[in-house]
Structure formats: C-alpha cells, structure tokens
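Data from my_file.pdb: PDB, N, CA and C atoms, pLDDT in the B column
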ATOM      1  N   MET A1493     -41.207  14.846 -58.349  1.00 80.00           N
ATOM      2  CA  MET A1493     -40.411  14.169 -59.341  1.00 80.00           C
ATOM      3  C   MET A1493     -41.085  12.885 -59.805  1.00 80.00           C
ATOM      4  N   PHE A1494     -41.730  12.168 -58.890  1.00 82.00           N
ATOM      5  CA  PHE A1494     -42.297  10.874 -59.243  1.00 82.00           C
ATOM      6  C   PHE A1494     -43.743  10.958 -59.716  1.00 82.00           C
ATOM      7  N   GLU A1495     -44.221  12.158 -60.021  1.00 85.00           N
ATOM      8  CA  GLU A1495     -45.543  12.262 -60.633  1.00 85.00           C
ATOM      9  C   GLU A1495     -45.488  11.953 -62.123  1.00 85.00           C
ATOM     10  N   ASN A1496     -44.303  12.009 -62.709  1.00 88.00           N
ATOM     11  CA  ASN A1496     -44.110  11.704 -64.122  1.00 88.00           C
ATOM     12  C   ASN A1496     -43.827  10.208 -64.291  1.00 88.00           C
ATOM     13  N   PRO A1497     -44.702   9.479 -65.021  1.00 90.00           N
ATOM     14  CA  PRO A1497     -44.487   8.032 -65.173  1.00 90.00           C
ATOM     15  C   PRO A1497     -43.168   7.686 -65.867  1.00 90.00           C
ATOM     16  N   ALA A1498     -42.682   8.543 -66.745  1.00 91.00           N
ATOM     17  CA  ALA A1498     -41.414   8.285 -67.422  1.00 91.00           C
ATOM     18  C   ALA A1498     -40.255   8.317 -66.427  1.00 91.00           C
ATOM     19  N   MET A1499     -40.313   9.218 -65.472  1.00 92.00           N
ATOM     20  CA  MET A1499     -39.260   9.275 -64.454  1.00 92.00           C
ATOM     21  C   MET A1499     -39.293   8.047 -63.550  1.00 92.00           C
ATOM     22  N   VAL A1500     -40.487   7.583 -63.222  1.00 92.00           N
ATOM     23  CA  VAL A1500     -40.615   6.379 -62.398  1.00 92.00           C
ATOM     24  C   VAL A1500     -40.054   5.177 -63.160  1.00 92.00           C
ATOM     25  N   ALA A1501     -40.395   5.065 -64.444  1.00 94.00           N
ATOM     26  CA  ALA A1501     -39.895   3.959 -65.263  1.00 94.00           C
ATOM     27  C   ALA A1501     -38.374   4.020 -65.372  1.00 94.00           C
ATOM     28  N   TRP A1502     -37.824   5.203 -65.585  1.00 95.00           N
ATOM     29  CA  TRP A1502     -36.377   5.364 -65.682  1.00 95.00           C
ATOM     30  C   TRP A1502     -35.703   4.958 -64.373  1.00 95.00           C
ATOM     31  N   TYR A1503     -36.290   5.335 -63.254  1.00 95.00           N
ATOM     32  CA  TYR A1503     -35.746   4.992 -61.941  1.00 95.00           C
ATOM     33  C   TYR A1503     -35.751   3.477 -61.734  1.00 95.00           C
ATOM     34  N   VAL A1504     -36.854   2.819 -62.114  1.00 95.00           N
ATOM     35  CA  VAL A1504     -36.957   1.374 -61.958  1.00 95.00           C
ATOM     36  C   VAL A1504     -35.925   0.667 -62.843  1.00 95.00           C
ATOM     37  N   VAL A1505     -35.743   1.139 -64.066  1.00 96.00           N
ATOM     38  CA  VAL A1505     -34.729   0.559 -64.951  1.00 96.00           C
ATOM     39  C   VAL A1505     -33.339   0.725 -64.343  1.00 96.00           C
ATOM     40  N   ALA A1506     -33.079   1.890 -63.770  1.00 95.00           N
ATOM     41  CA  ALA A1506     -31.784   2.123 -63.128  1.00 95.00           C
ATOM     42  C   ALA A1506     -31.588   1.179 -61.944  1.00 95.00           C
ATOM     43  N   MET A1507     -32.645   0.871 -61.217  1.00 95.00           N
ATOM     44  CA  MET A1507     -32.533  -0.044 -60.087  1.00 95.00           C
ATOM     45  C   MET A1507     -32.335  -1.489 -60.553  1.00 95.00           C
ATOM     46  N   VAL A1508     -32.876  -1.849 -61.712  1.00 94.00           N
ATOM     47  CA  VAL A1508     -32.611  -3.175 -62.289  1.00 94.00           C
ATOM     48  C   VAL A1508     -31.119  -3.297 -62.594  1.00 94.00           C
ATOM     49  N   VAL A1509     -30.548  -2.247 -63.174  1.00 95.00           N
ATOM     50  CA  VAL A1509     -29.109  -2.244 -63.464  1.00 95.00           C
ATOM     51  C   VAL A1509     -28.309  -2.326 -62.167  1.00 95.00           C
ATOM     52  N   LEU A1510     -28.723  -1.586 -61.152  1.00 93.00           N
ATOM     53  CA  LEU A1510     -28.038  -1.637 -59.859  1.00 93.00           C
ATOM     54  C   LEU A1510     -28.120  -3.033 -59.246  1.00 93.00           C
ATOM     55  N   GLY A1511     -29.268  -3.680 -59.354  1.00 92.00           N
ATOM     56  CA  GLY A1511     -29.413  -5.031 -58.833  1.00 92.00           C
ATOM     57  C   GLY A1511     -28.500  -6.017 -59.541  1.00 92.00           C
ATOM     58  N   GLY A1512     -28.417  -5.914 -60.861  1.00 93.00           N
ATOM     59  CA  GLY A1512     -27.507  -6.784 -61.616  1.00 93.00           C
ATOM     60  C   GLY A1512     -26.064  -6.529 -61.270  1.00 93.00           C
ATOM     61  N   HIS A1513     -25.734  -5.275 -61.085  1.00 95.00           N
ATOM     62  CA  HIS A1513     -24.368  -4.897 -60.719  1.00 95.00           C
ATOM     63  C   HIS A1513     -24.021  -5.440 -59.320  1.00 95.00           C
ATOM     64  N   THR A1514     -24.977  -5.358 -58.405  1.00 92.00           N
ATOM     65  CA  THR A1514     -24.771  -5.877 -57.056  1.00 92.00           C
ATOM     66  C   THR A1514     -24.579  -7.394 -57.078  1.00 92.00           C
ATOM     67  N   PHE A1515     -25.412  -8.086 -57.835  1.00 90.00           N
ATOM     68  CA  PHE A1515     -25.310  -9.538 -57.955  1.00 90.00           C
ATOM     69  C   PHE A1515     -23.929  -9.928 -58.480  1.00 90.00           C
ATOM     70  N   HIS A1516     -23.498  -9.275 -59.530  1.00 92.00           N
ATOM     71  CA  HIS A1516     -22.185  -9.573 -60.104  1.00 92.00           C
ATOM     72  C   HIS A1516     -21.068  -9.229 -59.130  1.00 92.00           C
ATOM     73  N   GLY A1517     -21.193  -8.096 -58.454  1.00 92.00           N
ATOM     74  CA  GLY A1517     -20.153  -7.666 -57.519  1.00 92.00           C
ATOM     75  C   GLY A1517     -19.980  -8.616 -56.351  1.00 92.00           C
ATOM     76  N   ILE A1518     -21.081  -9.112 -55.812  1.00 88.00           N
ATOM     77  CA  ILE A1518     -20.983 -10.046 -54.692  1.00 88.00           C
ATOM     78  C   ILE A1518     -20.340 -11.348 -55.155  1.00 88.00           C
ATOM     79  N   ASN A1519     -20.781 -11.855 -56.310  1.00 86.00           N
ATOM     80  CA  ASN A1519     -20.172 -13.078 -56.849  1.00 86.00           C
ATOM     81  C   ASN A1519     -18.681 -12.884 -57.099  1.00 86.00           C
ATOM     82  N   SER A1520     -18.313 -11.769 -57.678  1.00 88.00           N
ATOM     83  CA  SER A1520     -16.905 -11.513 -57.981  1.00 88.00           C
ATOM     84  C   SER A1520     -16.072 -11.343 -56.718  1.00 88.00           C
ATOM     85  N   ALA A1521     -16.640 -10.704 -55.710  1.00 87.00           N
ATOM     86  CA  ALA A1521     -15.907 -10.517 -54.458  1.00 87.00           C
ATOM     87  C   ALA A1521     -15.591 -11.856 -53.807  1.00 87.00           C
ATOM     88  N   PHE A1522     -16.576 -12.738 -53.776  1.00 84.00           N
ATOM     89  CA  PHE A1522     -16.316 -14.045 -53.184  1.00 84.00           C
ATOM     90  C   PHE A1522     -15.405 -14.889 -54.053  1.00 84.00           C
ATOM     91  N   ALA A1523     -15.485 -14.734 -55.368  1.00 83.00           N
ATOM     92  CA  ALA A1523     -14.576 -15.457 -56.259  1.00 83.00           C
ATOM     93  C   ALA A1523     -13.135 -15.001 -56.019  1.00 83.00           C
ATOM     94  N   SER A1524     -12.952 -13.722 -55.746  1.00 88.00           N
ATOM     95  CA  SER A1524     -11.612 -13.206 -55.446  1.00 88.00           C
ATOM     96  C   SER A1524     -11.063 -13.793 -54.153  1.00 88.00           C
ATOM     97  N   LEU A1525     -11.963 -14.156 -53.255  1.00 85.00           N
ATOM     98  CA  LEU A1525     -11.551 -14.769 -51.988  1.00 85.00           C
ATOM     99  C   LEU A1525     -11.393 -16.281 -52.108  1.00 85.00           C
ATOM    100  N   GLY A1526     -11.673 -16.806 -53.286  1.00 83.00           N
ATOM    101  CA  GLY A1526     -11.521 -18.242 -53.509  1.00 83.00           C
ATOM    102  C   GLY A1526     -12.760 -19.054 -53.218  1.00 83.00           C
ATOM    103  N   ILE A1527     -13.873 -18.375 -52.980  1.00 80.00           N
ATOM    104  CA  ILE A1527     -15.140 -19.069 -52.704  1.00 80.00           C
ATOM    105  C   ILE A1527     -16.029 -18.887 -53.939  1.00 80.00           C
ATOM    106  N   ALA A1528     -15.800 -19.718 -54.930  1.00 71.00           N
ATOM    107  CA  ALA A1528     -16.539 -19.559 -56.183  1.00 71.00           C
ATOM    108  C   ALA A1528     -17.286 -20.837 -56.521  1.00 71.00           C
ATOM    109  N   HIS A1529     -18.276 -20.692 -57.368  1.00 70.00           N
ATOM    110  CA  HIS A1529     -19.036 -21.810 -57.917  1.00 70.00           C
ATOM    111  C   HIS A1529     -19.730 -22.634 -56.835  1.00 70.00           C
ATOM    112  N   ARG A1530     -20.302 -21.961 -55.886  1.00 75.00           N
ATOM    113  CA  ARG A1530     -21.087 -22.626 -54.859  1.00 75.00           C
ATOM    114  C   ARG A1530     -22.544 -22.222 -55.057  1.00 75.00           C
ATOM    115  N   SER A1531     -23.457 -23.158 -54.971  1.00 79.00           N
ATOM    116  CA  SER A1531     -24.862 -22.863 -55.232  1.00 79.00           C
ATOM    117  C   SER A1531     -25.436 -21.891 -54.197  1.00 79.00           C
ATOM    118  N   TRP A1532     -25.025 -22.006 -52.941  1.00 82.00           N
ATOM    119  CA  TRP A1532     -25.554 -21.114 -51.916  1.00 82.00           C
ATOM    120  C   TRP A1532     -25.097 -19.678 -52.143  1.00 82.00           C
ATOM    121  N   LEU A1533     -23.907 -19.524 -52.720  1.00 84.00           N
ATOM    122  CA  LEU A1533     -23.388 -18.185 -52.986  1.00 84.00           C
ATOM    123  C   LEU A1533     -24.217 -17.482 -54.053  1.00 84.00           C
ATOM    124  N   CYS A1534     -24.559 -18.210 -55.098  1.00 84.00           N
ATOM    125  CA  CYS A1534     -25.389 -17.635 -56.158  1.00 84.00           C
ATOM    126  C   CYS A1534     -26.768 -17.246 -55.606  1.00 84.00           C
ATOM    127  N   THR A1535     -27.327 -18.113 -54.773  1.00 87.00           N
ATOM    128  CA  THR A1535     -28.630 -17.830 -54.175  1.00 87.00           C
ATOM    129  C   THR A1535     -28.552 -16.627 -53.239  1.00 87.00           C
ATOM    130  N   ALA A1536     -27.522 -16.553 -52.432  1.00 86.00           N
ATOM    131  CA  ALA A1536     -27.359 -15.428 -51.508  1.00 86.00           C
ATOM    132  C   ALA A1536     -27.140 -14.124 -52.263  1.00 86.00           C
ATOM    133  N   SER A1537     -26.328 -14.162 -53.311  1.00 87.00           N
ATOM    134  CA  SER A1537     -26.075 -12.957 -54.112  1.00 87.00           C
ATOM    135  C   SER A1537     -27.357 -12.466 -54.755  1.00 87.00           C
ATOM    136  N   ARG A1538     -28.126 -13.397 -55.302  1.00 90.00           N
ATOM    137  CA  ARG A1538     -29.383 -13.032 -55.943  1.00 90.00           C
ATOM    138  C   ARG A1538     -30.368 -12.475 -54.915  1.00 90.00           C
ATOM    139  N   GLY A1539     -30.388 -13.058 -53.724  1.00 92.00           N
ATOM    140  CA  GLY A1539     -31.273 -12.571 -52.667  1.00 92.00           C
ATOM    141  C   GLY A1539     -30.924 -11.169 -52.206  1.00 92.00           C
ATOM    142  N   ILE A1540     -29.642 -10.914 -52.013  1.00 90.00           N
ATOM    143  CA  ILE A1540     -29.207  -9.575 -51.600  1.00 90.00           C
ATOM    144  C   ILE A1540     -29.528  -8.553 -52.683  1.00 90.00           C
ATOM    145  N   ALA A1541     -29.293  -8.912 -53.930  1.00 91.00           N
ATOM    146  CA  ALA A1541     -29.605  -7.999 -55.036  1.00 91.00           C
ATOM    147  C   ALA A1541     -31.104  -7.723 -55.104  1.00 91.00           C
ATOM    148  N   CYS A1542     -31.931  -8.732 -54.853  1.00 93.00           N
ATOM    149  CA  CYS A1542     -33.385  -8.536 -54.874  1.00 93.00           C
ATOM    150  C   CYS A1542     -33.846  -7.640 -53.724  1.00 93.00           C
ATOM    151  N   VAL A1543     -33.230  -7.798 -52.556  1.00 94.00           N
ATOM    152  CA  VAL A1543     -33.582  -6.944 -51.415  1.00 94.00           C
ATOM    153  C   VAL A1543     -33.229  -5.488 -51.712  1.00 94.00           C
ATOM    154  N   ILE A1544     -32.061  -5.258 -52.273  1.00 92.00           N
ATOM    155  CA  ILE A1544     -31.650  -3.897 -52.617  1.00 92.00           C
ATOM    156  C   ILE A1544     -32.572  -3.314 -53.681  1.00 92.00           C
ATOM    157  N   PHE A1545     -32.875  -4.107 -54.723  1.00 93.00           N
ATOM    158  CA  PHE A1545     -33.783  -3.652 -55.779  1.00 93.00           C
ATOM    159  C   PHE A1545     -35.151  -3.299 -55.204  1.00 93.00           C
ATOM    160  N   THR A1546     -35.692  -4.180 -54.380  1.00 95.00           N
ATOM    161  CA  THR A1546     -37.022  -3.945 -53.817  1.00 95.00           C
ATOM    162  C   THR A1546     -37.026  -2.723 -52.905  1.00 95.00           C
ATOM    163  N   GLY A1547     -36.019  -2.612 -52.067  1.00 95.00           N
ATOM    164  CA  GLY A1547     -35.957  -1.480 -51.153  1.00 95.00           C
ATOM    165  C   GLY A1547     -35.876  -0.137 -51.846  1.00 95.00           C
ATOM    166  N   PHE A1548     -35.098  -0.067 -52.914  1.00 94.00           N
ATOM    167  CA  PHE A1548     -34.953   1.198 -53.619  1.00 94.00           C
ATOM    168  C   PHE A1548     -36.101   1.473 -54.594  1.00 94.00           C
ATOM    169  N   THR A1549     -36.837   0.447 -54.981  1.00 95.00           N
ATOM    170  CA  THR A1549     -37.886   0.614 -55.985  1.00 95.00           C
ATOM    171  C   THR A1549     -39.256   0.850 -55.369  1.00 95.00           C
ATOM    172  N   ILE A1550     -39.492   0.321 -54.189  1.00 95.00           N
ATOM    173  CA  ILE A1550     -40.829   0.394 -53.608  1.00 95.00           C
ATOM    174  C   ILE A1550     -41.219   1.832 -53.254  1.00 95.00           C
ATOM    175  N   ILE A1551     -40.268   2.662 -52.893  1.00 91.00           N
ATOM    176  CA  ILE A1551     -40.586   4.031 -52.488  1.00 91.00           C
ATOM    177  C   ILE A1551     -41.105   4.867 -53.660  1.00 91.00           C
ATOM    178  N   PRO A1552     -40.404   4.946 -54.806  1.00 91.00           N
ATOM    179  CA  PRO A1552     -40.961   5.736 -55.903  1.00 91.00           C
ATOM    180  C   PRO A1552     -42.249   5.152 -56.471  1.00 91.00           C
ATOM    181  N   LEU A1553     -42.378   3.826 -56.473  1.00 92.00           N
ATOM    182  CA  LEU A1553     -43.623   3.222 -56.953  1.00 92.00           C
ATOM    183  C   LEU A1553     -44.778   3.566 -56.024  1.00 92.00           C
ATOM    184  N   ALA A1554     -44.545   3.509 -54.725  1.00 92.00           N
ATOM    185  CA  ALA A1554     -45.591   3.873 -53.770  1.00 92.00           C
ATOM    186  C   ALA A1554     -45.944   5.353 -53.884  1.00 92.00           C
ATOM    187  N   LEU A1555     -44.942   6.193 -54.034  1.00 90.00           N
ATOM    188  CA  LEU A1555     -45.224   7.624 -54.195  1.00 90.00           C
ATOM    189  C   LEU A1555     -46.044   7.886 -55.447  1.00 90.00           C
ATOM    190  N   HIS A1556     -45.712   7.216 -56.530  1.00 91.00           N
ATOM    191  CA  HIS A1556     -46.413   7.451 -57.792  1.00 91.00           C
ATOM    192  C   HIS A1556     -47.835   6.896 -57.769  1.00 91.00           C
ATOM    193  N   PHE A1557     -47.985   5.653 -57.336  1.00 90.00           N
ATOM    194  CA  PHE A1557     -49.292   5.006 -57.452  1.00 90.00           C
ATOM    195  C   PHE A1557     -50.204   5.246 -56.260  1.00 90.00           C
ATOM    196  N   LEU A1558     -49.661   5.407 -55.081  1.00 89.00           N
ATOM    197  CA  LEU A1558     -50.510   5.571 -53.904  1.00 89.00           C
ATOM    198  C   LEU A1558     -50.728   7.038 -53.524  1.00 89.00           C
ATOM    199  N   LEU A1559     -49.746   7.862 -53.744  1.00 84.00           N
ATOM    200  CA  LEU A1559     -49.864   9.266 -53.357  1.00 84.00           C
ATOM    201  C   LEU A1559     -49.976  10.207 -54.542  1.00 84.00           C
ATOM    202  N   GLY A1560     -50.033   9.678 -55.734  1.00 77.00           N
ATOM    203  CA  GLY A1560     -50.196  10.517 -56.909  1.00 77.00           C
ATOM    204  C   GLY A1560     -48.971  11.300 -57.290  1.00 77.00           C
ATOM    205  N   GLY A1561     -47.810  10.870 -56.875  1.00 63.00           N
ATOM    206  CA  GLY A1561     -46.567  11.517 -57.282  1.00 63.00           C
ATOM    207  C   GLY A1561     -46.115  12.637 -56.388  1.00 63.00           C
ATOM    208  N   THR A1562     -46.827  12.902 -55.311  1.00 62.00           N
ATOM    209  CA  THR A1562     -46.378  13.961 -54.418  1.00 62.00           C
ATOM    210  C   THR A1562     -45.324  13.423 -53.479  1.00 62.00           C
ATOM    211  N   SER A1563     -44.201  14.117 -53.398  1.00 56.00           N
ATOM    212  CA  SER A1563     -43.138  13.624 -52.528  1.00 56.00           C
ATOM    213  C   SER A1563     -42.818  14.579 -51.427  1.00 56.00           C
TER     214      SER A1563
END

Do you think you could lay out the structure here as structure tokens?
Amino acid sequence: MFENPAMVAWYVVAMVVLGGHTFHGINSAFASLGIAHRSWLCTASRGIACVIFTGFTIIPLALHFLLGGTS
C-alpha cells in the first residue's frame, strides 16, 4: 500500500488532521473541567498531538522511503 507516493501523502495529511483534532480535543476536555487558558495546558496538548502524529506517520514514511513500499 505504501509503495504509492500518493497514498503516503494522503496518509500523512490524514495524520495532520488527526493531530489537530487531538490538540483541540485535549484543550476542550480540560476546558470542560474548568482548567482553561493555561499556558502549560496548550503546551501539553500540542506535545501529545505531536507524539501521536509522529508515531502514526513514521511507520508509513519508513516503509516508503527505507523499504521501498513493501509492507
């Protein structure tokens, strides 16, 4: 599946959307609990979203560029 560069690009775009959704969801969850507008919360939300994005994106990129798309 990841031998096609268009599929890899589509997957990465989908993970960008997932990362943004995660960032917003964490901020909204804490805002619902009354913990809003704190600088550490924004940093933590962004960090968690980046970890999720990186974790889900590194595998297809490695398969495509290092193994030639064989999965």

### atom C of Pro1497 of chain A to atom N of His1516 of chain A, straight-line distance in Å
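Interatomic distance here is 26.7 Å.
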
### Message
What parts of chain A does DSSP call helix (DSSP H, G or I)? I'd like the answer as a count of residues only.
### Response
56

#### Entry: Computed interatomic separation between atom CA of Ala1523 of chain A and atom CA of Arg1538 of chain A (Å)
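Answer for the atom CA of Ala1523 of chain A to atom CA of Arg1538 of chain A separation: 15.0 Å.
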
### Target residues per the PyMOL selection byres (((chain A and resi 1493 and name CA) around 12) and name CA), formatted as a list in words
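Here the PyMOL selection byres (((chain A and resi 1493 and name CA) around 12) and name CA) matches Phe1494, Glu1495, Asn1496, Pro1497, Ala1498, Met1499, Val1500, Ala1501, Trp1502, Tyr1503, Pro1552, Leu1553, Leu1555, His1556, Gly1560, Gly1561, Thr1562 and Ser1563 of chain A.
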
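With atom CA of Val1509 of chain A on one side and atom C of Ser1524 of chain A on the other, the separation reads 23.4 Å.
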
### Query
Got a sec to resolve the PyMOL selection byres ((chain A and resi 1515) around 8) on this structure and send the residues as a VMD selection string?
chain A and resid 1509 to 1514 1516 to 1521 1536 to 1542
